[in-house]
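Listing of model.cif, mmCIF, C-alpha atoms
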```cif
data_coords
loop_
_atom_site.label_atom_id
_atom_site.label_comp_id
_atom_site.auth_asym_id
_atom_site.auth_seq_id
_atom_site.Cartn_x
_atom_site.Cartn_y
_atom_site.Cartn_z
CA MET V 1212 -65.64 8.36 -83.33
CA MET V 1213 -64.84 4.72 -84.13
CA LYS V 1214 -63.77 5.62 -87.66
CA ASP V 1215 -61.32 8.14 -86.20
CA TRP V 1216 -59.75 5.44 -84.05
CA ILE V 1217 -59.57 3.00 -86.94
CA LYS V 1218 -57.83 5.68 -88.97
CA ALA V 1219 -55.44 6.33 -86.05
CA PHE V 1220 -54.65 2.60 -85.89
CA ARG V 1221 -53.24 2.94 -89.45
CA LEU V 1222 -54.23 -0.57 -90.45
CA ARG V 1223 -52.33 -0.25 -93.74
CA THR V 1224 -49.11 -0.76 -91.73
CA LEU V 1225 -50.18 -4.20 -90.50
CA PRO V 1226 -49.14 -6.32 -93.52
CA LEU V 1227 -45.55 -5.14 -93.05
CA ALA V 1228 -45.67 -6.00 -89.34
CA PHE V 1229 -47.12 -9.46 -90.04
CA SER V 1230 -44.40 -10.22 -92.60
CA SER V 1231 -41.83 -11.05 -89.91
CA ILE V 1232 -44.18 -13.54 -88.20
CA ILE V 1233 -45.06 -15.22 -91.50
CA THR V 1234 -41.41 -15.47 -92.55
CA GLY V 1235 -40.35 -16.91 -89.18
CA THR V 1236 -43.22 -19.39 -89.42
CA ALA V 1237 -42.05 -20.46 -92.88
CA ILE V 1238 -38.56 -21.20 -91.57
CA ALA V 1239 -40.00 -23.31 -88.74
CA ILE V 1240 -42.83 -24.84 -90.78
CA GLU V 1241 -42.04 -28.40 -89.67
CA HIS V 1242 -42.84 -27.33 -86.10
CA PHE V 1243 -45.93 -25.31 -86.97
CA ASP V 1244 -48.42 -24.76 -84.15
CA VAL V 1245 -51.62 -22.86 -84.94
CA VAL V 1246 -51.94 -21.50 -81.40
CA ILE V 1247 -48.44 -20.00 -81.52
CA PHE V 1248 -49.18 -18.49 -84.93
CA ILE V 1249 -52.46 -16.88 -83.85
CA LEU V 1250 -51.03 -15.53 -80.59
CA ALA V 1251 -47.97 -14.18 -82.43
CA ILE V 1252 -50.14 -12.43 -85.02
CA LEU V 1253 -52.36 -10.90 -82.31
CA THR V 1254 -49.37 -9.75 -80.25
CA THR V 1255 -47.85 -8.17 -83.35
CA LEU V 1256 -51.19 -6.54 -84.19
CA PHE V 1257 -51.36 -4.86 -80.79
CA LEU V 1258 -47.68 -3.86 -80.85
CA GLN V 1259 -48.03 -2.24 -84.27
CA ILE V 1260 -51.15 -0.31 -83.27
CA LEU V 1261 -49.35 0.74 -80.07
CA SER V 1262 -46.45 2.00 -82.18
CA ASN V 1263 -48.78 3.92 -84.50
CA LEU V 1264 -50.67 5.58 -81.63
CA SER V 1265 -47.43 6.47 -79.82
CA ASN V 1266 -46.03 7.89 -83.05
CA ASP V 1267 -49.16 10.04 -83.45
CA TYR V 1268 -48.84 11.27 -79.87
CA GLY V 1269 -45.08 11.84 -79.97
CA ASP V 1270 -45.03 13.84 -83.20
CA ALA V 1271 -48.01 15.92 -82.05
CA GLU V 1272 -46.34 16.62 -78.72
CA LYS V 1273 -43.16 17.82 -80.46
CA GLY V 1274 -44.98 19.88 -83.08
CA THR V 1275 -43.75 17.78 -86.01
CA ASP V 1276 -47.32 17.12 -87.16
CA ASN V 1277 -48.26 20.51 -88.57
CA GLU V 1278 -49.70 22.07 -91.71
CA ASN V 1279 -46.40 21.52 -93.55
CA ARG V 1280 -46.41 17.76 -93.09
CA VAL V 1281 -46.66 15.91 -96.41
CA GLY V 1282 -48.15 12.60 -95.26
CA PRO V 1283 -51.73 11.78 -94.19
CA GLU V 1284 -53.16 13.94 -91.43
CA ARG V 1285 -52.78 12.37 -87.99
CA ALA V 1286 -55.53 11.93 -85.39
CA ILE V 1287 -54.30 14.45 -82.80
CA GLN V 1288 -53.19 16.86 -85.51
CA SER V 1289 -56.69 16.89 -87.01
CA GLY V 1290 -58.37 17.30 -83.61
CA ALA V 1291 -60.32 14.06 -84.02
CA ILE V 1292 -58.66 12.57 -80.92
CA SER V 1293 -57.32 14.50 -77.93
CA LYS V 1294 -53.91 13.91 -76.35
CA ARG V 1295 -55.61 12.65 -73.19
CA GLN V 1296 -57.66 10.13 -75.15
CA MET V 1297 -54.56 9.02 -77.03
CA LYS V 1298 -52.67 8.48 -73.76
CA LYS V 1299 -55.47 6.23 -72.49
CA ALA V 1300 -55.46 4.26 -75.76
CA ILE V 1301 -51.68 3.83 -75.54
CA ILE V 1302 -52.02 2.39 -72.03
CA ILE V 1303 -54.72 -0.03 -73.23
CA PHE V 1304 -52.53 -1.30 -76.05
CA VAL V 1305 -49.53 -1.64 -73.73
CA ILE V 1306 -51.68 -3.93 -71.57
CA LEU V 1307 -52.96 -5.87 -74.61
CA SER V 1308 -49.46 -6.26 -76.08
CA PHE V 1309 -48.01 -7.43 -72.77
CA SER V 1310 -50.90 -9.79 -71.95
CA PHE V 1311 -50.94 -11.52 -75.31
CA GLY V 1312 -47.13 -11.55 -75.42
CA VAL V 1313 -46.92 -13.29 -72.06
CA SER V 1314 -49.62 -15.76 -73.15
CA LEU V 1315 -47.62 -16.48 -76.31
CA VAL V 1316 -44.42 -17.09 -74.37
CA ALA V 1317 -46.14 -19.16 -71.68
CA TYR V 1318 -47.72 -21.44 -74.27
CA SER V 1319 -44.72 -21.81 -76.60
CA MET V 1320 -42.20 -22.29 -73.76
CA ARG V 1321 -44.42 -24.54 -71.62
CA ASN V 1322 -42.06 -27.51 -71.93
CA THR V 1323 -38.75 -25.63 -71.70
CA ASN V 1324 -36.68 -24.12 -68.92
CA ILE V 1325 -37.45 -20.82 -67.21
CA VAL V 1326 -34.43 -19.08 -68.75
CA TYR V 1327 -35.98 -19.14 -72.23
CA THR V 1328 -39.27 -17.87 -70.82
CA LEU V 1329 -37.66 -14.97 -68.98
CA ALA V 1330 -35.50 -14.06 -71.99
CA LEU V 1331 -38.53 -13.88 -74.27
CA ILE V 1332 -40.57 -11.86 -71.77
CA ILE V 1333 -37.71 -9.36 -71.47
CA THR V 1334 -37.53 -9.21 -75.28
CA GLY V 1335 -41.27 -8.56 -75.38
CA ILE V 1336 -40.93 -5.71 -72.89
CA LEU V 1337 -38.17 -4.21 -75.05
CA CYS V 1338 -40.52 -4.44 -78.05
CA ILE V 1339 -43.17 -2.49 -76.14
CA VAL V 1340 -40.66 0.16 -75.08
CA ALA V 1341 -39.34 0.44 -78.65
CA ALA V 1342 -42.89 0.84 -79.98
CA ILE V 1343 -43.47 3.77 -77.65
CA LYS V 1344 -40.09 5.48 -77.76
CA TYR V 1345 -39.81 5.96 -81.53
CA THR V 1346 -41.22 9.49 -81.29
CA ALA V 1347 -42.57 9.74 -77.74
CA GLY V 1348 -40.54 11.05 -74.82
CA LYS V 1349 -37.51 13.29 -74.45
CA LYS V 1350 -35.09 10.69 -75.81
CA ALA V 1351 -37.15 9.45 -78.77
CA TYR V 1352 -34.75 7.49 -80.97
CA GLY V 1353 -36.63 8.44 -84.15
CA TYR V 1354 -35.51 12.03 -83.59
CA ARG V 1355 -31.87 10.98 -83.40
CA GLY V 1356 -31.56 9.11 -86.69
CA LEU V 1357 -31.86 5.65 -85.11
CA GLY V 1358 -35.27 4.68 -86.47
CA ASP V 1359 -33.87 2.61 -89.33
CA LEU V 1360 -31.63 0.60 -87.00
CA PHE V 1361 -34.43 -0.14 -84.55
CA VAL V 1362 -36.82 -1.14 -87.34
CA PHE V 1363 -34.18 -3.49 -88.77
CA ILE V 1364 -33.63 -5.09 -85.36
CA PHE V 1365 -37.24 -5.41 -84.23
CA PHE V 1366 -39.04 -6.07 -87.54
CA GLY V 1367 -36.22 -8.16 -88.98
CA LEU V 1368 -33.96 -9.92 -86.49
CA ILE V 1369 -36.26 -10.16 -83.48
CA GLY V 1370 -39.44 -10.57 -85.52
CA VAL V 1371 -38.21 -13.39 -87.75
CA LEU V 1372 -35.72 -15.17 -85.49
CA GLY V 1373 -37.99 -14.71 -82.48
CA SER V 1374 -40.88 -16.31 -84.36
CA GLU V 1375 -38.70 -19.25 -85.36
CA PHE V 1376 -37.57 -19.63 -81.74
CA LEU V 1377 -41.15 -19.71 -80.46
CA TYR V 1378 -41.79 -22.80 -82.58
CA THR V 1379 -38.45 -24.58 -82.17
CA THR V 1380 -36.69 -23.06 -79.09
CA SER V 1381 -33.68 -22.59 -81.38
CA PHE V 1382 -32.73 -20.95 -84.63
CA GLU V 1383 -30.30 -21.67 -87.43
CA LEU V 1384 -27.58 -19.18 -88.35
CA SER V 1385 -28.82 -19.27 -91.96
CA SER V 1386 -32.16 -17.86 -90.76
CA LEU V 1387 -30.39 -14.51 -90.45
CA LEU V 1388 -30.63 -14.15 -94.23
CA PRO V 1389 -34.45 -13.95 -94.59
CA ALA V 1390 -34.50 -11.96 -91.34
CA ILE V 1391 -32.15 -9.46 -92.99
CA THR V 1392 -34.51 -9.26 -95.98
CA ILE V 1393 -37.53 -8.42 -93.81
CA GLY V 1394 -35.51 -6.01 -91.68
CA LEU V 1395 -34.05 -4.09 -94.61
CA PHE V 1396 -37.32 -3.95 -96.52
CA SER V 1397 -39.02 -2.60 -93.39
CA ALA V 1398 -36.25 -0.02 -92.99
CA ALA V 1399 -36.81 0.95 -96.63
CA VAL V 1400 -40.47 1.73 -95.88
CA LEU V 1401 -39.39 3.98 -93.03
CA ASN V 1402 -36.78 5.60 -95.25
CA LEU V 1403 -39.45 6.40 -97.84
CA ASN V 1404 -41.59 7.94 -95.12
CA ASN V 1405 -38.63 10.05 -94.00
CA MET V 1406 -37.72 11.09 -97.56
CA ARG V 1407 -41.32 12.21 -98.06
CA ASP V 1408 -41.29 14.28 -94.86
CA TRP V 1409 -37.65 15.33 -94.76
CA GLU V 1410 -38.21 19.08 -95.26
CA ASN V 1411 -40.75 19.34 -92.44
CA ASP V 1412 -38.71 16.98 -90.25
CA LYS V 1413 -35.65 19.18 -90.71
CA ALA V 1414 -37.61 22.30 -89.80
CA SER V 1415 -39.05 20.50 -86.73
CA GLN V 1416 -35.61 19.23 -85.64
CA LYS V 1417 -36.60 15.62 -86.18
CA ASN V 1418 -33.15 14.38 -87.16
CA THR V 1419 -34.00 11.29 -89.13
CA LEU V 1420 -31.30 9.56 -91.15
CA VAL V 1421 -32.54 11.42 -94.24
CA VAL V 1422 -32.17 14.77 -92.49
CA LYS V 1423 -28.68 13.80 -91.33
CA VAL V 1424 -27.30 12.65 -94.71
CA GLY V 1425 -29.49 14.57 -97.18
CA LEU V 1426 -31.93 13.38 -99.83
CA PRO V 1427 -29.40 12.30 -102.54
CA GLN V 1428 -27.51 10.06 -100.09
CA ALA V 1429 -30.78 8.74 -98.65
CA LYS V 1430 -31.80 7.57 -102.12
CA LYS V 1431 -28.47 5.74 -102.53
CA TYR V 1432 -28.95 4.17 -99.11
CA HIS V 1433 -32.48 3.15 -100.13
CA PHE V 1434 -31.20 1.42 -103.26
CA THR V 1435 -28.46 -0.34 -101.29
CA ILE V 1436 -30.61 -1.82 -98.52
CA LEU V 1437 -33.24 -3.11 -100.94
CA VAL V 1438 -30.64 -4.79 -103.14
CA ILE V 1439 -28.97 -6.37 -100.11
CA GLY V 1440 -32.38 -7.55 -98.93
CA ILE V 1441 -33.05 -9.21 -102.28
CA VAL V 1442 -29.63 -10.89 -102.36
CA ALA V 1443 -29.94 -12.13 -98.75
CA SER V 1444 -33.11 -14.17 -99.29
CA ILE V 1445 -31.94 -15.60 -102.62
CA THR V 1446 -28.67 -16.63 -100.96
CA PHE V 1447 -30.66 -18.35 -98.21
CA VAL V 1448 -32.30 -20.65 -100.74
CA LEU V 1449 -29.25 -21.20 -102.96
CA GLN V 1450 -27.09 -22.39 -100.07
CA LEU V 1451 -29.58 -25.23 -99.47
CA GLU V 1452 -30.54 -28.20 -101.61
CA PHE V 1453 -33.54 -26.43 -103.05
CA ARG V 1454 -36.44 -26.98 -105.41
CA LEU V 1455 -37.35 -24.36 -107.98
CA ILE V 1456 -40.63 -23.62 -106.14
CA GLU V 1457 -38.58 -22.32 -103.22
CA LEU V 1458 -37.57 -19.35 -105.37
CA ALA V 1459 -41.20 -18.37 -105.95
CA PHE V 1460 -40.74 -15.34 -103.69
CA VAL V 1461 -38.59 -13.73 -106.39
CA VAL V 1462 -41.90 -12.64 -107.96
CA ALA V 1463 -42.28 -10.20 -105.05
CA PHE V 1464 -39.05 -8.48 -106.09
CA ILE V 1465 -40.39 -7.40 -109.49
CA PRO V 1466 -42.39 -4.44 -108.09
CA VAL V 1467 -39.40 -3.61 -105.85
CA VAL V 1468 -37.12 -3.26 -108.87
CA LEU V 1469 -39.71 -1.10 -110.63
CA HIS V 1470 -40.01 0.92 -107.44
CA LEU V 1471 -36.26 1.61 -107.40
CA ARG V 1472 -36.49 3.04 -110.88
CA ARG V 1473 -39.36 5.27 -109.77
CA VAL V 1474 -37.44 6.53 -106.72
CA ALA V 1475 -34.46 7.40 -108.92
CA GLU V 1476 -36.75 9.62 -111.02
CA ILE V 1477 -38.05 11.65 -108.05
CA HIS V 1478 -36.00 14.80 -107.63
CA GLU V 1479 -38.02 17.80 -106.47
CA ASN V 1480 -41.49 16.80 -105.23
CA PRO V 1481 -41.29 14.72 -101.98
CA THR V 1482 -45.02 13.93 -102.12
CA LYS V 1483 -44.23 11.48 -104.92
CA PHE V 1484 -42.55 9.21 -102.37
CA ASP V 1485 -45.88 8.64 -100.57
CA PRO V 1486 -47.45 6.07 -102.95
CA GLU V 1487 -44.15 4.18 -102.98
CA LEU V 1488 -44.54 3.27 -99.29
CA LYS V 1489 -47.48 0.99 -100.05
CA LYS V 1490 -45.61 -0.70 -102.90
CA VAL V 1491 -42.65 -1.72 -100.74
CA ALA V 1492 -44.83 -2.69 -97.76
CA LEU V 1493 -47.09 -4.91 -99.89
CA SER V 1494 -44.10 -6.37 -101.74
CA THR V 1495 -42.62 -7.35 -98.37
CA PHE V 1496 -45.91 -8.97 -97.36
CA LEU V 1497 -46.08 -10.81 -100.70
CA PHE V 1498 -42.51 -12.00 -100.19
CA SER V 1499 -43.42 -13.47 -96.80
CA LEU V 1500 -46.53 -15.21 -98.18
CA LEU V 1501 -44.63 -16.74 -101.11
CA PHE V 1502 -41.80 -17.69 -98.78
CA LEU V 1503 -44.34 -19.50 -96.57
CA LEU V 1504 -46.04 -21.10 -99.56
CA SER V 1505 -42.77 -22.50 -100.89
CA ALA V 1506 -42.05 -23.98 -97.44
CA ILE V 1507 -45.45 -25.68 -97.31
CA VAL V 1508 -45.50 -27.11 -100.84
#
```

Take the structure I supplied and represent it as structure tokens, if you would.
Amino acid sequence: MMKDWIKAFRLRTLPLAFSSIITGTAIAIEHFDVVIFILAILTTLFLQILSNLSNDYGDAEKGTDNENRVGPERAIQSGAISKRQMKKAIIIFVILSFSFGVSLVAYSMRNTNIVYTLALIITGILCIVAAIKYTAGKKAYGYRGLGDLFVFIFFGLIGVLGSEFLYTTSFELSSLLPAITIGLFSAAVLNLNNMRDWENDKASQKNTLVVKVGLPQAKKYHFTILVIGIVASITFVLQLEFRLIELAFVVAFIPVVLHLRRVAEIHENPTKFDPELKKVALSTFLFSLLFLLSAIV
């Protein structure tokens, strides 16, 4: 049974989720606090698992997870976990996400005014709601073509800038640039997922952005957001007085460029998009690690 839950947690998605915390930490490295970092990572861990479980439940409830789905078989779809068990697990991870999130805010904002504390707690609650409402519920935003936007906001802007704020109680306008990189790369992973599943999504009335604009336009969109993401982080460094080591993260863009060529060659078989998800997710994680390394050195 435990292996079924571990599979349902979809641990392969965690490096992408951690990328925003690592990037925000890099920006605020002079104010680094190990307690904030650990609590932020744990909160993100629970939020991501919550999102994955809610996604499993929501797609199963709406019939999107069926025999025509291209991606890996989900827990409820396979019968390994019942809907009732999944509901209980979702509640547990809501509690864990909220508890660790409040602990993170209480510790990081211990010497600041109550306004910052309340603002961050409200933001945390919004993160929990967003994690659940991607596919679950009658007004799931993932079924209305808004998944990419929400991923950009929560993985990119809130994830990176929020992490910086936890350390410094402020953030620089220039920090938007690496936040844009993480947000767009994360949206690209979702776009790949949706390009892989677009035929079944269309039949199941899951109106993702790919379903709305069609596969050819989705590929152009994919190319555009990745290129903008690359340019944003390079611009962040170039507008500062930088050392060459601070461009080390460019190494992470090599597999991204190769990936774009591969995507351009996929025309008829959507299953070929599946292995590309891991490439972009791991490239994003590598970017964040190199970005942090260059800030430390």

task: Please evaluate the PyMOL selection byres ((chain V and resi 1368) around 9) against the structure above and give the resulting residues as a ChimeraX atom specification.
output: /V:1231,1363-1367,1369-1373,1387,1390-1391,1393-1394

- request: Using the chain letters and numbering of this document, enumerate as a PyMOL selection string the residues selected by the PyMOL selection byres ((chain V and resi 1347) around 8).
  value: chain V and resi 1265-1266+1268-1270+1272+1343-1346+1348-1351

message: I need the output of the PyMOL selection byres ((chain V and resi 1227) around 8) for this file as a PyMOL selection string; which residues are they?
response: chain V and resi 1224-1226+1228-1231+1397+1492-1493+1495-1496

message: as a list in words, please: the residues near Val1305 (chain V) (cut-off 10 Å, all atoms listed in the file, same-chain neighbours under 6 positions excluded).
response: Phe1257, Leu1258, Ile1260, Leu1261, Ser1262, Lys1299, Ile1336, Ile1339, Val1340, Ala1342 and Ile1343 of chain V

Keeping only C-alpha atoms, take the residues you just selected and write them out as a short mmCIF file (atom, residue, chain, number, x, y, z; two decimals), keeping the file's coordinate frame.
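Result file selection_19.cif:
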```cif
data_model
loop_
_atom_site.label_atom_id
_atom_site.label_comp_id
_atom_site.auth_asym_id
_atom_site.auth_seq_id
_atom_site.Cartn_x
_atom_site.Cartn_y
_atom_site.Cartn_z
CA PHE V 1257 -51.36 -4.86 -80.79
CA LEU V 1258 -47.68 -3.86 -80.85
CA ILE V 1260 -51.15 -0.31 -83.27
CA LEU V 1261 -49.35 0.74 -80.07
CA SER V 1262 -46.45 2.00 -82.18
CA LYS V 1299 -55.47 6.23 -72.49
CA ILE V 1336 -40.93 -5.71 -72.89
CA ILE V 1339 -43.17 -2.49 -76.14
CA VAL V 1340 -40.66 0.16 -75.08
CA ALA V 1342 -42.89 0.84 -79.98
CA ILE V 1343 -43.47 3.77 -77.65
#
```

- prompt: Between V:Pro1389, V:Gly1235, V:Gly1290, V:Gly1425, which is the closest to Ile1252 (chain V) once you count all atoms listed in the file?
  reply: V:Gly1235

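Restricting the calculation to all atoms listed in the file, the smallest distance between Gln1296 (chain V) and any of V:Phe1460, V:Phe1498, V:Phe1434, V:Trp1216 is found for V:Trp1216.
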
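Interatomic distance, CA of Ser1385 (chain V) against CA of Leu1360 (chain V): 20.7 Å.
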
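Comparing V:Ala1429, V:Met1297, V:Val1467, V:Leu1388 by their smallest distance to Lys1490 (chain V), the closest is V:Val1467 (using all atoms listed in the file).
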
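The gap separating CA of Leu1420 (chain V) from CA of Leu1357 (chain V) is 7.2 Å, in Å to one decimal.
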
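What separates CA of Lys1273 (chain V) from CA of Ser1415 (chain V) is a distance of 8.0 Å.
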
query: Using only C-alpha atoms, which residues sit within 8 Å of Thr1328 (chain V) once same-chain residues fewer than 5 positions away are excluded, as a PyMOL selection string?
result: chain V and resi 1316-1317+1320+1323

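The residue that comes closest to Glu1383 (chain V), out of V:Val1448, V:Ile1238, V:Ala1219, V:Val1508 and on the basis of all atoms listed in the file, is V:Ile1238.
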
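Nearest residue to Asp1267 (chain V) among V:Thr1379, V:Asn1402, V:Ser1314, V:Ser1289 is V:Ser1289, counting all atoms listed in the file.
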
Contacts of Val1462 (chain V) within 12 Å, all atoms listed in the file, excl. fewer than 4 positions in-chain, as a PyMOL selection string: chain V and resi 1441+1445+1456-1458+1466-1468+1494-1502

- request: Give the answer as one residue: which of V:Pro1427, V:Asp1408, V:Thr1380, V:Leu1403 has the shortest atom-to-atom distance to Asn1324 (chain V), using all atoms listed in the file?
  value: V:Thr1380
